[in-house]
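S.K.: File structure.tsv below, TSV, C-alpha atoms:
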```
chain	number	residue	atom	x	y	z
A	277	MET	CA	128.91	102.34	80.29
A	278	SER	CA	127.06	105.66	80.20
A	279	GLU	CA	128.20	108.60	82.31
A	280	LEU	CA	125.18	108.22	84.57
A	281	GLU	CA	125.79	104.51	85.00
A	282	GLN	CA	129.37	105.24	86.01
A	283	LYS	CA	128.16	107.77	88.58
A	284	ILE	CA	125.67	105.23	89.96
A	285	GLN	CA	128.39	102.60	90.31
A	286	ASP	CA	130.73	105.12	91.96
A	287	ALA	CA	128.00	106.10	94.42
A	288	ARG	CA	127.27	102.48	95.27
A	289	ARG	CA	130.95	101.76	95.89
A	290	LEU	CA	131.32	104.81	98.12
A	291	ILE	CA	128.21	103.86	100.09
A	292	ALA	CA	129.40	100.27	100.52
A	293	GLY	CA	132.79	101.42	101.74
A	294	GLU	CA	131.30	103.82	104.27
A	295	LEU	CA	128.77	101.30	105.55
A	296	ALA	CA	131.58	98.79	106.13
A	297	LYS	CA	133.13	101.11	108.72
A	298	PRO	CA	132.24	100.76	112.41
A	299	GLY	CA	129.69	103.06	114.00
A	300	GLY	CA	126.14	104.13	113.23
A	301	ALA	CA	125.08	105.80	110.01
A	302	CYS	CA	122.07	107.89	108.98
A	303	ILE	CA	120.83	109.97	106.08
A	304	THR	CA	119.12	113.35	106.22
A	305	SER	CA	116.32	113.77	103.70
A	306	SER	CA	114.05	116.66	102.80
A	307	PHE	CA	112.39	114.35	100.24
A	308	GLN	CA	113.51	116.53	97.36
A	309	ALA	CA	114.53	114.73	94.16
A	310	GLU	CA	118.20	114.14	94.99
A	311	CYS	CA	117.32	113.09	98.54
A	312	VAL	CA	114.99	110.41	97.24
A	313	VAL	CA	117.67	109.19	94.81
A	314	LEU	CA	120.14	108.79	97.67
A	315	VAL	CA	117.60	107.10	99.94
A	316	HIS	CA	116.92	104.65	97.11
A	317	LEU	CA	120.64	103.89	96.70
A	318	LEU	CA	121.15	103.51	100.44
A	319	LYS	CA	118.20	101.26	101.07
A	320	GLU	CA	119.61	98.82	98.51
A	321	GLN	CA	122.42	98.15	100.96
A	322	ARG	CA	120.94	99.15	104.34
A	323	PRO	CA	117.11	98.92	104.26
A	324	ASP	CA	116.80	99.98	107.90
A	325	MET	CA	118.98	103.10	107.55
A	326	PRO	CA	117.56	105.88	109.76
A	327	VAL	CA	116.14	108.64	107.54
A	328	LEU	CA	116.25	111.93	109.46
A	329	PHE	CA	113.61	114.49	108.45
A	330	LEU	CA	113.47	118.00	109.90
A	331	GLU	CA	109.82	118.55	110.84
A	332	THR	CA	109.95	122.34	111.08
A	333	GLY	CA	106.21	122.92	111.30
A	334	TYR	CA	106.39	125.10	108.19
A	335	HIS	CA	106.48	122.51	105.41
A	336	PHE	CA	104.17	122.40	102.43
A	337	ALA	CA	101.32	119.95	102.95
A	338	GLU	CA	102.46	118.27	99.72
A	339	THR	CA	105.90	117.63	101.22
A	340	LEU	CA	104.47	115.93	104.29
A	341	ASP	CA	102.04	113.85	102.22
A	342	TYR	CA	104.88	112.75	99.93
A	343	ARG	CA	107.15	111.97	102.90
A	344	ASP	CA	104.45	109.76	104.38
A	345	ARG	CA	103.75	108.07	101.05
A	346	MET	CA	107.41	107.22	100.39
A	347	THR	CA	107.91	106.11	104.00
A	348	ARG	CA	104.99	103.72	103.66
A	349	ASP	CA	105.84	102.45	100.16
A	350	TRP	CA	109.53	101.93	100.91
A	351	ASN	CA	109.11	100.92	104.56
A	352	LEU	CA	111.58	103.60	105.62
A	353	ASN	CA	112.98	103.96	109.11
A	354	LEU	CA	111.83	107.58	109.36
A	355	VAL	CA	113.02	109.73	112.26
A	356	ASN	CA	111.25	113.10	112.54
A	357	LEU	CA	113.38	115.73	114.29
A	358	GLU	CA	111.50	118.65	115.86
A	359	ALA	CA	112.43	121.93	117.51
A	360	LYS	CA	112.13	122.35	121.29
A	361	ARG	CA	109.25	124.81	120.83
A	362	SER	CA	106.19	124.42	118.62
A	363	VAL	CA	105.60	126.96	115.86
A	364	LYS	CA	102.88	128.56	118.00
A	365	GLU	CA	105.19	128.88	121.00
A	366	GLN	CA	108.04	130.27	118.91
A	367	GLU	CA	105.84	132.85	117.20
A	368	ALA	CA	104.40	133.91	120.56
A	369	LEU	CA	107.92	134.53	121.87
A	370	PHE	CA	109.69	135.96	118.83
A	371	GLY	CA	107.06	136.83	116.22
A	372	ILE	CA	107.26	135.54	112.66
A	373	LEU	CA	110.99	134.88	112.47
A	374	ASN	CA	110.89	133.53	108.93
A	375	GLN	CA	109.94	137.08	107.89
A	376	THR	CA	112.15	139.08	110.26
A	377	GLU	CA	115.13	136.86	111.09
A	378	PRO	CA	115.12	133.80	108.80
A	379	SER	CA	118.57	132.68	109.96
A	380	LYS	CA	117.37	132.57	113.57
A	381	CYS	CA	114.28	130.63	112.49
A	382	CYS	CA	116.44	128.10	110.64
A	383	GLY	CA	118.70	127.87	113.68
A	384	LEU	CA	115.85	127.03	116.02
A	385	ARG	CA	113.81	124.79	113.74
A	386	LYS	CA	116.51	123.09	111.65
A	387	VAL	CA	120.06	123.47	112.91
A	388	GLU	CA	119.56	122.76	116.62
A	389	PRO	CA	117.28	119.72	116.14
A	390	LEU	CA	119.51	118.22	113.46
A	391	PHE	CA	122.77	118.63	115.34
A	392	ALA	CA	121.15	117.07	118.41
A	393	GLY	CA	119.95	114.14	116.29
A	394	LEU	CA	123.28	113.66	114.53
A	395	ALA	CA	125.05	113.22	117.85
A	396	ASN	CA	123.77	109.64	117.84
A	397	TYR	CA	125.66	108.71	114.65
A	398	ASP	CA	129.17	108.50	113.26
A	399	THR	CA	128.44	108.74	109.52
A	400	TRP	CA	126.06	111.26	107.96
A	401	PHE	CA	124.91	110.71	104.38
A	402	THR	CA	123.64	113.79	102.51
A	403	ALA	CA	122.32	114.37	98.99
A	404	LEU	CA	124.29	117.58	98.51
A	405	ARG	CA	125.53	118.30	94.99
A	406	ARG	CA	128.15	120.78	93.80
A	407	GLU	CA	125.81	122.12	91.14
A	408	GLN	CA	123.18	123.24	93.64
A	409	SER	CA	124.79	126.43	94.91
A	410	PRO	CA	128.00	128.51	94.89
A	411	THR	CA	128.37	127.61	98.57
A	412	ARG	CA	128.55	123.92	97.56
A	413	ALA	CA	130.87	124.28	94.56
A	414	ASN	CA	133.85	122.74	96.38
A	415	LEU	CA	131.91	119.97	98.07
A	416	GLN	CA	133.90	116.76	98.56
A	417	PRO	CA	132.28	113.30	98.56
A	418	VAL	CA	133.70	112.63	102.04
A	419	GLU	CA	134.45	115.35	104.59
A	420	ALA	CA	134.87	115.61	108.33
A	421	PHE	CA	132.08	117.56	110.02
A	422	LYS	CA	132.34	118.88	113.57
A	423	LEU	CA	129.21	119.34	115.64
A	424	PRO	CA	128.95	122.24	118.15
A	425	ALA	CA	129.24	119.78	121.04
A	426	GLY	CA	132.63	118.70	119.70
A	427	LYS	CA	131.89	115.34	118.09
A	428	THR	CA	133.26	114.89	114.57
A	429	LEU	CA	131.26	112.91	112.01
A	430	GLU	CA	132.12	111.64	108.58
A	431	LYS	CA	129.86	113.53	106.19
A	432	VAL	CA	129.32	111.59	102.96
A	433	SER	CA	127.82	113.06	99.78
A	434	PRO	CA	127.70	110.27	97.15
A	435	LEU	CA	125.90	112.54	94.64
A	436	ALA	CA	128.41	115.40	94.92
A	437	MET	CA	129.31	115.29	91.22
A	438	TRP	CA	125.80	114.55	89.92
A	439	THR	CA	123.93	117.09	87.81
A	440	ASN	CA	120.24	117.90	88.07
A	441	LYS	CA	119.80	116.00	84.81
A	442	ASP	CA	121.43	112.92	86.35
A	443	VAL	CA	119.02	113.06	89.29
A	444	TRP	CA	115.93	113.21	87.11
A	445	GLN	CA	117.20	110.51	84.75
A	446	TYR	CA	117.72	108.22	87.74
A	447	LEU	CA	114.20	108.83	89.01
A	448	SER	CA	112.84	108.11	85.54
A	449	ARG	CA	114.82	104.93	84.94
A	450	CYS	CA	113.86	103.57	88.38
A	451	ASN	CA	110.22	104.68	88.03
A	452	ILE	CA	110.38	106.70	91.24
A	453	PRO	CA	107.70	109.38	91.69
A	454	ALA	CA	108.91	112.87	92.62
A	455	LEU	CA	107.49	115.40	95.05
A	456	PRO	CA	104.47	116.87	93.20
A	457	LEU	CA	105.57	120.46	93.88
A	458	TYR	CA	108.12	120.13	91.08
A	459	ASP	CA	105.19	119.99	88.65
A	460	GLN	CA	104.25	123.51	89.82
A	461	GLY	CA	107.66	124.86	88.79
A	462	TYR	CA	109.55	124.72	92.08
A	463	THR	CA	113.18	123.66	91.74
A	464	SER	CA	114.34	123.73	95.38
A	465	ILE	CA	111.81	123.07	98.12
A	466	GLY	CA	112.08	123.83	101.82
A	467	CYS	CA	109.71	125.47	104.28
A	468	GLN	CA	106.67	127.00	102.59
A	469	PRO	CA	107.17	130.62	103.83
A	470	CYS	CA	110.75	130.66	102.50
A	471	THR	CA	110.20	128.83	99.21
A	472	ALA	CA	109.18	130.55	95.98
A	473	LEU	CA	109.38	129.76	92.29
A	474	PRO	CA	112.95	130.35	91.03
A	475	PHE	CA	113.59	133.84	89.67
A	476	ASP	CA	116.81	132.67	87.95
A	477	PRO	CA	116.32	129.52	85.83
A	478	ALA	CA	120.07	128.91	85.93
A	479	ASN	CA	120.09	128.84	89.74
A	480	LEU	CA	117.95	126.01	91.14
A	481	ARG	CA	118.01	127.49	94.66
A	482	SER	CA	117.14	131.06	93.63
A	483	GLY	CA	113.63	130.66	95.02
A	484	ARG	CA	114.88	129.98	98.55
A	485	TRP	CA	114.82	132.93	101.01
A	486	GLN	CA	114.29	135.17	97.98
A	487	GLY	CA	115.49	138.71	98.56
A	488	LYS	CA	117.10	137.94	101.94
A	489	GLU	CA	120.69	137.35	100.73
A	490	LYS	CA	120.64	133.91	102.30
A	491	LEU	CA	121.91	130.78	100.55
A	492	GLU	CA	121.96	128.11	103.30
A	493	CYS	CA	119.78	127.24	106.27
A	494	GLY	CA	122.87	126.47	108.35
A	495	ILE	CA	122.76	122.69	108.78
A	496	HIS	CA	125.75	122.23	106.47
A	497	ILE	CA	127.91	124.89	108.11
A	498	GLN	CA	130.64	123.66	110.45
A	499	ALA	CA	130.74	124.66	114.08
A	500	GLU	CA	133.51	127.18	114.73
```
Please go through the file and, once you have read it, give me the structure as structure tokens.
M.R.:
Amino acid sequence: MSELEQKIQDARRLIAGELAKPGGACITSSFQAECVVLVHLLKEQRPDMPVLFLETGYHFAETLDYRDRMTRDWNLNLVNLEAKRSVKEQEALFGILNQTEPSKCCGLRKVEPLFAGLANYDTWFTALRREQSPTRANLQPVEAFKLPAGKTLEKVSPLAMWTNKDVWQYLSRCNIPALPLYDQGYTSIGCQPCTALPFDPANLRSGRWQGKEKLECGIHIQAE
């Protein structure tokens, strides 16, 4: 058995074990490469799994087109989570926060909507990988995650030990199309204003919030 095949089998076993537990489960997906891999693995066992997508209002058009294409082709149970205010309303109140206070923008358009949506579930599947960032280097496949309101979820990352190479080999072997923005050189893709081409080839997330000393949007940071 190849190393990748072993990782696939391990991921499937972890998923099966978590899905056997009582309570509702969901996956968050930005429709980046690893997210699509995990959605593919999950839908093998739970085709109607809710797929939570953060509709921030700032996404690339290509991301939204790809999300809609994969939702249609795979018959996904897509759940779009949106901020309380529209982009126009937010900018009228606070200005262009992604330029002046990107952490506040992420808080309003990503963190708050996601944490509100996660309150409906007991198990949260993510496509996080240790290799992605120094802030994820100690990621465990299963961790407890406490929401600000006090509820504790089981946060499950079946691809925690996967490399970027593993992700792309899986997409290739399963003939799964990737988000077209990768063909333009992007290696980590979020909101358009805060996503650039990577300036460090060794750091896949180096194009995110470039120059703002920011590594995470906040959705994977525990409530204090």
S.K.: One decimal, in Å: what's the spacing between CA of Arg405 in chain A and CA of Leu314 in chain A?
M.R.: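 Answer for the CA of Arg405 in chain A to CA of Leu314 in chain A separation: 11.3 Å.
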S.K.: Counting all atoms listed in the file, which residue out of A:Ala395, A:Ala287, A:His316, A:Cys450 sits closest to Lys427 in chain A?
M.R.: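 The closest residue to Lys427 in chain A is A:Ala395.
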S.K.: Please provide the set of residues having any atom within 9 Å of Gln468 in chain A, restricted to all atoms listed in the file, with same-chain residues fewer than 3 positions apart removed, written as a list in words.
M.R.: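 Near neighbours after the sequence-gap exclusion: Tyr334, His335, Phe336, Ala337, Ile465, Thr471 and Ala472 of chain A.
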S.K.: For the contact check between range 403-453 of chain A and range 459-463 of chain A, emit one row per residue of range 403-453 of chain A within 12 Å, containing the shortest atom pair and the distance in Å rounded to one decimal, counting only C-alpha atoms, chain then rising number order, as CSV.
M.R.:
```
residue,atom,partner,partner_atom,distance
A:Gln408,CA,A:Thr463,CA,10.2
A:Asn440,CA,A:Thr463,CA,9.8
A:Trp444,CA,A:Thr463,CA,11.8
A:Pro453,CA,A:Asp459,CA,11.3
```
S.K.: Counting all atoms listed in the file, I want the residues whose atoms come within 12 Å of (127.3, 117.9, 108.1) in the file frame, returned as a PyMOL selection string.
M.R.: chain A and resi 302-304+387+390-391+393-395+397-404+415-424+427-433+494-499
S.K.: Report the distance between CA of Leu357 in chain A and CA of Leu330 in chain A in Å, rounded to one decimal place.
M.R.: 4.9 Å
S.K.: May I have the protein, DNA and RNA residues with an atom at most 12 Å from (127.0, 104.6, 89.3), counting all atoms listed in the file in the file's coordinates, returned as a ChimeraX atom specification?
M.R.: /A:277-291,313-314,317,434-435,437-438,442-443,446
S.K.: Go through A:Glu367, A:Lys360, A:Ala436, A:Thr347 one by one, measure the shortest atom-to-atom distance of each to Arg412 in chain A using only C-alpha atoms, and give the residue with the smallest value.
M.R.: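 Ranking A:Glu367, A:Lys360, A:Ala436, A:Thr347 by distance to Arg412 in chain A, first place goes to A:Ala436.
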S.K.: Which neighbours of Glu358 in chain A fall inside 12 Å, counting only C-alpha atoms, when residues of the same chain fewer than 5 positions from it are skipped, and could you give them as a list in words?
M.R.: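 Contacts, in chain order: Leu328, Phe329, Leu330, Glu331, Thr332, Gly333, Tyr334, Val363, Cys382, Gly383, Leu384, Arg385, Lys386, Val387, Glu388, Pro389, Leu390, Phe391, Ala392 and Gly393 of chain A.
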S.K.: Could you jot down the CA of Tyr342 in chain A to CA of Phe307 in chain A separation for me, Å, one decimal place?
M.R.: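 Atom-to-atom, CA of Tyr342 in chain A to CA of Phe307 in chain A, that is 7.7 Å.
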